[in-house]
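Participant: Here's a structure for you.
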Amino acid sequence: MGRYVIRRLIQMAPVFIGSTFLIFMMVFALGDPVAALFGDKAPDPATAARIREELYLDQPLWKQYLHYMGQIFQGDFGTAFNGQPVTELMAAAYPVTLRLTMVAIFIELVVGITLGVLSGLKRGHFIDSSVLVLTLVVISIPTFVSGYVLQYLFGVKWDVIRPTVSVDAPLNELILPGIVLALVSLAYVTRLTRTSIAENVRADYLRTAVAKGLPRRRIITRHLLRNSLIPVVTFIGTDIGSLMGGAIVTETIFNIHGVGYQIYQGILRNNAPTVVGFVTILVIVFLIANLLVDLLYAVLDPRIRYA
Amino acid sequence: MPDTSSTTLTATEETAAAPADVVKTEQRKPRSLWGDAWFELRHRPMFWVSAILLVILLLIAAFPGLFTSADPTKGDLTNHFLSKPELTHFFQPDWFGYDGQGRSIYARVIHGTRNSILVGVGVTAAVTFLGGLLGMLAGYFGGLIDSVISRLTDIFFGIPFLLGTMVVLNAFTDRKVYVVVLALTFLGWTSIARVTRSSVITAKQADYVTAARALGASTTRMLFRHVMPNALAPTIVVATIALGGYISAEATLSYLGLGLSEPAISWGIDISEASKAIRDNPHALMFPAGMLTLTVFAFIMLGDAVRDALDPKLR
């Protein structure tokens with residue numbers, strides 16, 4: 001197990017370097033951060049050159065990247081253009097988005113798996129076909145549409161919740177944004193669980209369990225569900241990364257100052273250190289989540305063992 | 001191995017010619033994967049619903065003038081500032097009301113269709129070509145080529161899709177349809193490459209591939225005549241389902257101000273503008289949003305039907 005983890009960590013290194021270099025290149029090669037610093041005015045050449053030298057921007061791109069990575073490993077993510085250290089922005093933004101993502105994943109798991117098990121066990125029945133059509137409809141609604149519609153209905157028309165989230169973003173205010181963020185993935189979780197359950201219902205070990213006379217409840221939770229959850233866990237693992245990055249729309253609609261909001265502002269203003277720093281952390285989150293998923297396989301499926 | 005396209009054709013011709021003994025013919029004659037899939041598709045109401053929706057949407061995209069004569073860019077602030085919809089005035093400019101610039105929402109919804117569908121189809125074609133090619137090379141040749149392409153896929157997959165696309169798009173000031181297509185393709189090809197790679201690995205182990213190699217077939221011939229047709233199904237499924245997602249991605253980007261730039265008409269831009277006045281004028285948001293959802297729905301429904309038809313395991 002320990003050796004497996006170490007091997008995986010070593011394999012992750014090239015992907016981490018590649019992804020961060022790619023985003024670094026995209027941000028620094030496609031936009032000019034120094035020009036952005038001056039807004040619409042053309043910068044004074046001497047000042048621009050001085051800033052370039054200060055920010056290490058007069059070097060070739062690969063040297064800039066090495067310099068940047070060196071700084072990151074010392075905990076220095078650079079400063080945003082308003083003079084605030086990027087780490088400070090991160091400390092404010094990441095907890096908020098993490099809470100939002102947790103709410104979304106919780107909803108996905110509880111509602112998605114329940115609906116998936118129900119429809120997978122009753123394949124072809126009325127419940128099954130209505131769940132299938134419902135998930136298709138939900139997948140088709142873009143997040144910013146469902147976000148505005150739900151915000152309008154609950155926040156404005158029926159006045160059940162506050163339409164926007166306050167600065168501290170407490171959990172109870174994150175419920176509706178969490179639902180909005182979860183919706184599309186929720187539909188995928190439902191469908192994955194359904195397919196997986198429907199396949200495993202015919203498995204030999206399930207027939208054995210039934211033949212042994214185990215209670216139905218135990219068969220479903222212990223034998224059927226545990227084995228059917230592998231594809232779902234894989235999906236959730238990759239989804240954590242995309243939810244945290246994709247929360248940008250939800251955060252814009254509900255005025256949540258999280259990761260997506262910061263990156264969005266960073267991109268619009270060509271604020272290179274913010275964008276690269278935040279995305280670097282997202283890449284790390286994504287890689288770690290994938291590693292955890294692989295380790296979870298062994299817990300779910302006793303046939304899988306990591307030497 | 002039989003030529004798949006001709007089998008599909010004969011199967012359809014026969015059913016068209018003699019509808020009475022369809023069942024008998026279908027049972028006697030062995031059907032190819034594609035003929036089988038088409039047979040399965042024709043018996044699904046979902047497929048027909050999505051097909052009809054798609055035909056209408058394509059008609060709107062190709063000939064918007066057939067559906068409205070109103071000018072989508074002409075604003076009349078004096079008379080029509082955010083006027084409410086007249087739901088009984090079918091196909092009239094005021095059917096869906098007017099937006100914050102006094103422009104007919106109905107005309108804008110109709111004229112926005114083309115850009116959305118162009119982006120969706122364009123990205124899907126580009127992604128399928130690029131991802132399919134890379135996945136096929138990786139899966140077929142294996143070894144070093146596979147390692148390089150697979151790591152490259154991992155690297156591009158590691159960057160959050162929406163955020164990465166936004167960074168690319170921010171570098172362009174005048175964003176036309178092809179710019180958005182290229183930006184979405186830049187990070188979008190990875191899943192197709194992965195799916196194609198694994199199905200090619202399965203397909204190349206088949207006996208007929210070994211037989212073809214023993215008969216001295218060239219690499220190109222084996223790739224395109226033997227491996228590709230048999231590895232295509234999963235790629236097509238992923239591509240069809242993804243199409244709807246790309247349309248929704250374009251609208252999301254336009255909504256965030258980083259998709260198509262004005263004067264191009266995009267539902268995303270209209271929704272973004274309407275969102276500022278949502279409290280009192282939800283209609284300006286609901287109609288473009290509804291049309292967008294309907295379009296995505298039609299494509300995803302088609303993808304779903306195609307998947308069910310091509311994957312016999314789910315039956």
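By order of appearance in the structure tokens: chains A, B, ..., then residues from 1 within every chain, and ligands from 1 in the order shown.
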Find the spatial neighbours of Asp32 in chain A, counting only C-alpha atoms, within a cut-off of 10 Å - ignore same-chain residues fewer than 3 positions away - and output them as a ChimeraX atom specification.
Facilitator: /A:27-29,35-37,57,270-272 /B:171
Participant: Name the residues in contact with range 106-112 of chain B at a cut-off of 8 Å, using only C-alpha atoms, excluding same-chain residues fewer than 3 positions from it; report them as a PyMOL selection string.
Facilitator: chain B and resi 60-61+64+67-73+91-97+103+115-116+265-267+287-288+291
Participant: Selection from above, C-alpha atoms, as a PDB file, in the first residue's frame, can you write it?
Facilitator:
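As a result, part_9.pdb now contains:
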```
ATOM      1  CA  ILE B  60     -34.074  27.587 -37.900  1.00  0.00           C
ATOM      2  CA  ALA B  61     -30.289  27.703 -37.968  1.00  0.00           C
ATOM      3  CA  PRO B  64     -33.875  32.079 -39.705  1.00  0.00           C
ATOM      4  CA  PHE B  67     -39.418  32.025 -38.927  1.00  0.00           C
ATOM      5  CA  THR B  68     -39.274  35.745 -38.323  1.00  0.00           C
ATOM      6  CA  SER B  69     -39.020  38.839 -40.430  1.00  0.00           C
ATOM      7  CA  ALA B  70     -38.057  41.066 -37.495  1.00  0.00           C
ATOM      8  CA  ASP B  71     -34.520  42.436 -37.338  1.00  0.00           C
ATOM      9  CA  PRO B  72     -32.805  40.995 -34.239  1.00  0.00           C
ATOM     10  CA  THR B  73     -30.371  43.912 -33.986  1.00  0.00           C
ATOM     11  CA  PHE B  91     -44.504  34.041 -34.581  1.00  0.00           C
ATOM     12  CA  GLN B  92     -44.941  37.827 -34.255  1.00  0.00           C
ATOM     13  CA  PRO B  93     -41.958  39.956 -33.182  1.00  0.00           C
ATOM     14  CA  ASP B  94     -43.635  40.640 -29.826  1.00  0.00           C
ATOM     15  CA  TRP B  95     -44.383  36.963 -29.123  1.00  0.00           C
ATOM     16  CA  PHE B  96     -41.659  36.699 -26.449  1.00  0.00           C
ATOM     17  CA  GLY B  97     -41.617  40.414 -25.598  1.00  0.00           C
ATOM     18  CA  ARG B 103     -35.096  44.365 -29.443  1.00  0.00           C
ATOM     19  CA  ASN B 115     -24.156  30.339 -33.787  1.00  0.00           C
ATOM     20  CA  SER B 116     -24.944  27.848 -31.050  1.00  0.00           C
ATOM     21  CA  ILE B 265     -26.084  36.953 -31.477  1.00  0.00           C
ATOM     22  CA  SER B 266     -25.677  34.393 -28.736  1.00  0.00           C
ATOM     23  CA  TRP B 267     -28.217  33.157 -26.212  1.00  0.00           C
ATOM     24  CA  PHE B 287     -37.024  32.637 -23.396  1.00  0.00           C
ATOM     25  CA  PRO B 288     -33.371  32.456 -24.515  1.00  0.00           C
ATOM     26  CA  MET B 291     -34.456  27.744 -26.182  1.00  0.00           C
TER      27      MET B 291
END
```
Participant: Please determine the contact residues of chain B with respect to chain A at a cut-off of 9 Å, counting only C-alpha atoms, and supply them as a PDB file with N, CA and C atoms, in the first residue's frame.
Facilitator:
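File part.pdb, as written:
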```
ATOM      1  N   ARG B 151       0.421  10.689 -21.645  1.00  0.00           N
ATOM      2  CA  ARG B 151       0.817  11.715 -20.666  1.00  0.00           C
ATOM      3  C   ARG B 151       0.294  13.084 -21.106  1.00  0.00           C
ATOM      4  N   LEU B 152       0.371  13.326 -22.421  1.00  0.00           N
ATOM      5  CA  LEU B 152      -0.127  14.592 -22.951  1.00  0.00           C
ATOM      6  C   LEU B 152      -1.622  14.743 -22.640  1.00  0.00           C
ATOM      7  N   ASP B 154      -3.209  13.313 -20.155  1.00  0.00           N
ATOM      8  CA  ASP B 154      -3.329  13.569 -18.717  1.00  0.00           C
ATOM      9  C   ASP B 154      -3.096  15.039 -18.416  1.00  0.00           C
ATOM     10  N   ILE B 155      -2.067  15.615 -19.056  1.00  0.00           N
ATOM     11  CA  ILE B 155      -1.710  17.006 -18.785  1.00  0.00           C
ATOM     12  C   ILE B 155      -2.849  17.949 -19.180  1.00  0.00           C
ATOM     13  N   PHE B 156      -3.399  17.749 -20.377  1.00  0.00           N
ATOM     14  CA  PHE B 156      -4.491  18.624 -20.822  1.00  0.00           C
ATOM     15  C   PHE B 156      -5.759  18.378 -20.010  1.00  0.00           C
ATOM     16  N   PHE B 157      -5.924  17.130 -19.544  1.00  0.00           N
ATOM     17  CA  PHE B 157      -7.103  16.796 -18.753  1.00  0.00           C
ATOM     18  C   PHE B 157      -7.022  17.412 -17.357  1.00  0.00           C
ATOM     19  N   GLY B 158      -5.794  17.650 -16.891  1.00  0.00           N
ATOM     20  CA  GLY B 158      -5.599  18.160 -15.535  1.00  0.00           C
ATOM     21  C   GLY B 158      -6.027  19.604 -15.364  1.00  0.00           C
ATOM     22  N   ILE B 159      -6.105  20.346 -16.459  1.00  0.00           N
ATOM     23  CA  ILE B 159      -6.491  21.755 -16.365  1.00  0.00           C
ATOM     24  C   ILE B 159      -8.009  21.864 -16.414  1.00  0.00           C
ATOM     25  N   PRO B 160      -8.621  22.565 -15.456  1.00  0.00           N
ATOM     26  CA  PRO B 160     -10.084  22.696 -15.468  1.00  0.00           C
ATOM     27  C   PRO B 160     -10.565  23.243 -16.815  1.00  0.00           C
ATOM     28  N   PHE B 161     -11.532  22.529 -17.419  1.00  0.00           N
ATOM     29  CA  PHE B 161     -11.939  22.794 -18.802  1.00  0.00           C
ATOM     30  C   PHE B 161     -12.419  24.230 -19.013  1.00  0.00           C
ATOM     31  N   LEU B 162     -13.391  24.635 -18.189  1.00  0.00           N
ATOM     32  CA  LEU B 162     -13.999  25.958 -18.391  1.00  0.00           C
ATOM     33  C   LEU B 162     -12.969  27.066 -18.160  1.00  0.00           C
ATOM     34  N   LEU B 163     -12.179  26.922 -17.083  1.00  0.00           N
ATOM     35  CA  LEU B 163     -11.205  27.961 -16.744  1.00  0.00           C
ATOM     36  C   LEU B 163     -10.130  28.079 -17.811  1.00  0.00           C
ATOM     37  N   GLY B 164      -9.615  26.938 -18.263  1.00  0.00           N
ATOM     38  CA  GLY B 164      -8.580  26.954 -19.292  1.00  0.00           C
ATOM     39  C   GLY B 164      -9.084  27.608 -20.568  1.00  0.00           C
ATOM     40  N   MET B 166     -11.398  29.764 -20.803  1.00  0.00           N
ATOM     41  CA  MET B 166     -11.553  31.207 -20.578  1.00  0.00           C
ATOM     42  C   MET B 166     -10.223  31.927 -20.738  1.00  0.00           C
ATOM     43  N   VAL B 167      -9.157  31.317 -20.235  1.00  0.00           N
ATOM     44  CA  VAL B 167      -7.835  31.930 -20.368  1.00  0.00           C
ATOM     45  C   VAL B 167      -7.476  32.088 -21.847  1.00  0.00           C
ATOM     46  N   VAL B 168      -7.731  31.028 -22.629  1.00  0.00           N
ATOM     47  CA  VAL B 168      -7.418  31.099 -24.061  1.00  0.00           C
ATOM     48  C   VAL B 168      -8.238  32.200 -24.721  1.00  0.00           C
ATOM     49  N   ASN B 170      -9.622  34.801 -23.531  1.00  0.00           N
ATOM     50  CA  ASN B 170      -9.356  36.159 -23.079  1.00  0.00           C
ATOM     51  C   ASN B 170      -8.262  36.825 -23.922  1.00  0.00           C
ATOM     52  N   ALA B 171      -7.466  35.996 -24.616  1.00  0.00           N
ATOM     53  CA  ALA B 171      -6.389  36.561 -25.428  1.00  0.00           C
ATOM     54  C   ALA B 171      -6.922  37.161 -26.727  1.00  0.00           C
ATOM     55  N   PHE B 172      -8.167  36.872 -27.078  1.00  0.00           N
ATOM     56  CA  PHE B 172      -8.737  37.400 -28.323  1.00  0.00           C
ATOM     57  C   PHE B 172      -9.731  38.508 -28.001  1.00  0.00           C
ATOM     58  N   GLY B 244     -24.108  18.338 -27.126  1.00  0.00           N
ATOM     59  CA  GLY B 244     -24.979  19.198 -26.338  1.00  0.00           C
ATOM     60  C   GLY B 244     -24.193  19.970 -25.292  1.00  0.00           C
ATOM     61  N   GLY B 245     -23.214  19.299 -24.697  1.00  0.00           N
ATOM     62  CA  GLY B 245     -22.390  19.936 -23.684  1.00  0.00           C
ATOM     63  C   GLY B 245     -21.598  21.113 -24.241  1.00  0.00           C
ATOM     64  N   SER B 248     -23.822  24.095 -24.599  1.00  0.00           N
ATOM     65  CA  SER B 248     -24.009  24.709 -23.290  1.00  0.00           C
ATOM     66  C   SER B 248     -22.744  25.426 -22.838  1.00  0.00           C
ATOM     67  N   ALA B 249     -21.572  24.890 -23.188  1.00  0.00           N
ATOM     68  CA  ALA B 249     -20.313  25.549 -22.818  1.00  0.00           C
ATOM     69  C   ALA B 249     -20.170  26.897 -23.528  1.00  0.00           C
ATOM     70  N   ALA B 251     -22.597  28.828 -24.537  1.00  0.00           N
ATOM     71  CA  ALA B 251     -23.509  29.782 -23.898  1.00  0.00           C
ATOM     72  C   ALA B 251     -22.949  30.248 -22.566  1.00  0.00           C
ATOM     73  N   THR B 252     -22.355  29.317 -21.801  1.00  0.00           N
ATOM     74  CA  THR B 252     -21.776  29.686 -20.514  1.00  0.00           C
ATOM     75  C   THR B 252     -20.649  30.705 -20.707  1.00  0.00           C
ATOM     76  N   TYR B 255     -22.041  33.947 -21.690  1.00  0.00           N
ATOM     77  CA  TYR B 255     -22.663  34.540 -20.509  1.00  0.00           C
ATOM     78  C   TYR B 255     -21.611  35.216 -19.638  1.00  0.00           C
ATOM     79  N   LEU B 256     -20.433  34.601 -19.534  1.00  0.00           N
ATOM     80  CA  LEU B 256     -19.365  35.172 -18.712  1.00  0.00           C
ATOM     81  C   LEU B 256     -18.617  36.282 -19.437  1.00  0.00           C
ATOM     82  N   LEU B 258     -16.893  35.920 -22.211  1.00  0.00           N
ATOM     83  CA  LEU B 258     -15.673  35.450 -22.854  1.00  0.00           C
ATOM     84  C   LEU B 258     -15.961  34.518 -24.025  1.00  0.00           C
ATOM     85  N   ILE B 271     -28.764  36.149 -22.189  1.00  0.00           N
ATOM     86  CA  ILE B 271     -29.099  35.748 -20.817  1.00  0.00           C
ATOM     87  C   ILE B 271     -28.322  36.602 -19.832  1.00  0.00           C
ATOM     88  N   SER B 275     -30.040  38.996 -17.108  1.00  0.00           N
ATOM     89  CA  SER B 275     -29.912  38.650 -15.690  1.00  0.00           C
ATOM     90  C   SER B 275     -29.843  39.892 -14.807  1.00  0.00           C
ATOM     91  N   ILE B 278     -33.502  40.673 -13.788  1.00  0.00           N
ATOM     92  CA  ILE B 278     -34.322  39.470 -13.613  1.00  0.00           C
ATOM     93  C   ILE B 278     -35.459  39.680 -12.607  1.00  0.00           C
ATOM     94  N   ARG B 279     -35.259  40.543 -11.625  1.00  0.00           N
ATOM     95  CA  ARG B 279     -36.250  40.716 -10.570  1.00  0.00           C
ATOM     96  C   ARG B 279     -37.621  41.122 -11.123  1.00  0.00           C
ATOM     97  N   PRO B 282     -38.390  38.748 -15.634  1.00  0.00           N
ATOM     98  CA  PRO B 282     -37.809  37.419 -15.860  1.00  0.00           C
ATOM     99  C   PRO B 282     -37.992  36.926 -17.294  1.00  0.00           C
ATOM    100  N   LEU B 285     -35.076  36.709 -19.690  1.00  0.00           N
ATOM    101  CA  LEU B 285     -34.102  35.644 -19.443  1.00  0.00           C
ATOM    102  C   LEU B 285     -34.666  34.274 -19.798  1.00  0.00           C
ATOM    103  N   MET B 286     -35.971  34.073 -19.494  1.00  0.00           N
ATOM    104  CA  MET B 286     -36.537  32.740 -19.610  1.00  0.00           C
ATOM    105  C   MET B 286     -36.587  32.246 -21.058  1.00  0.00           C
ATOM    106  N   ALA B 289     -33.110  31.279 -22.382  1.00  0.00           N
ATOM    107  CA  ALA B 289     -32.678  30.149 -21.560  1.00  0.00           C
ATOM    108  C   ALA B 289     -33.450  28.891 -21.936  1.00  0.00           C
ATOM    109  N   GLY B 290     -34.761  29.046 -22.183  1.00  0.00           N
ATOM    110  CA  GLY B 290     -35.579  27.903 -22.564  1.00  0.00           C
ATOM    111  C   GLY B 290     -35.147  27.323 -23.898  1.00  0.00           C
ATOM    112  N   LEU B 292     -32.198  27.573 -25.296  1.00  0.00           N
ATOM    113  CA  LEU B 292     -30.890  26.943 -25.103  1.00  0.00           C
ATOM    114  C   LEU B 292     -31.054  25.550 -24.516  1.00  0.00           C
ATOM    115  N   THR B 293     -31.881  25.463 -23.461  1.00  0.00           N
ATOM    116  CA  THR B 293     -32.090  24.166 -22.818  1.00  0.00           C
ATOM    117  C   THR B 293     -32.696  23.169 -23.792  1.00  0.00           C
ATOM    118  N   LEU B 294     -33.663  23.632 -24.587  1.00  0.00           N
ATOM    119  CA  LEU B 294     -34.318  22.749 -25.545  1.00  0.00           C
ATOM    120  C   LEU B 294     -33.306  22.198 -26.550  1.00  0.00           C
ATOM    121  N   THR B 295     -32.412  23.075 -27.028  1.00  0.00           N
ATOM    122  CA  THR B 295     -31.416  22.644 -28.010  1.00  0.00           C
ATOM    123  C   THR B 295     -30.467  21.613 -27.401  1.00  0.00           C
ATOM    124  N   VAL B 296     -29.952  21.929 -26.211  1.00  0.00           N
ATOM    125  CA  VAL B 296     -29.042  20.986 -25.554  1.00  0.00           C
ATOM    126  C   VAL B 296     -29.759  19.669 -25.319  1.00  0.00           C
ATOM    127  N   PHE B 297     -31.013  19.761 -24.883  1.00  0.00           N
ATOM    128  CA  PHE B 297     -31.819  18.577 -24.604  1.00  0.00           C
ATOM    129  C   PHE B 297     -31.936  17.700 -25.852  1.00  0.00           C
ATOM    130  N   ALA B 298     -32.224  18.319 -26.995  1.00  0.00           N
ATOM    131  CA  ALA B 298     -32.396  17.558 -28.233  1.00  0.00           C
ATOM    132  C   ALA B 298     -31.126  16.778 -28.567  1.00  0.00           C
ATOM    133  N   PHE B 299     -29.969  17.446 -28.431  1.00  0.00           N
ATOM    134  CA  PHE B 299     -28.720  16.771 -28.784  1.00  0.00           C
ATOM    135  C   PHE B 299     -28.372  15.674 -27.777  1.00  0.00           C
ATOM    136  N   ILE B 300     -28.593  15.947 -26.497  1.00  0.00           N
ATOM    137  CA  ILE B 300     -28.237  14.941 -25.490  1.00  0.00           C
ATOM    138  C   ILE B 300     -29.157  13.732 -25.591  1.00  0.00           C
ATOM    139  N   MET B 301     -30.442  14.004 -25.918  1.00  0.00           N
ATOM    140  CA  MET B 301     -31.385  12.907 -26.090  1.00  0.00           C
ATOM    141  C   MET B 301     -30.959  12.015 -27.259  1.00  0.00           C
ATOM    142  N   ASP B 304     -28.052   9.939 -26.184  1.00  0.00           N
ATOM    143  CA  ASP B 304     -28.490   8.885 -25.293  1.00  0.00           C
ATOM    144  C   ASP B 304     -29.087   7.722 -26.077  1.00  0.00           C
ATOM    145  N   LYS B 313     -24.990  -4.131 -24.222  1.00  0.00           N
ATOM    146  CA  LYS B 313     -24.957  -4.569 -22.830  1.00  0.00           C
ATOM    147  C   LYS B 313     -26.132  -4.007 -22.026  1.00  0.00           C
ATOM    148  N   LEU B 314     -26.582  -2.820 -22.427  1.00  0.00           N
ATOM    149  CA  LEU B 314     -27.587  -2.129 -21.612  1.00  0.00           C
ATOM    150  C   LEU B 314     -28.999  -2.618 -21.888  1.00  0.00           C
TER     151      LEU B 314
END
```
Participant: Give the helix (DSSP H, G or I) residues of range 191-266 of chain B, as DSSP finds them on the backbone, and put them as number ranges by chain.
Facilitator: B: 191-204, 207-214, 219-255
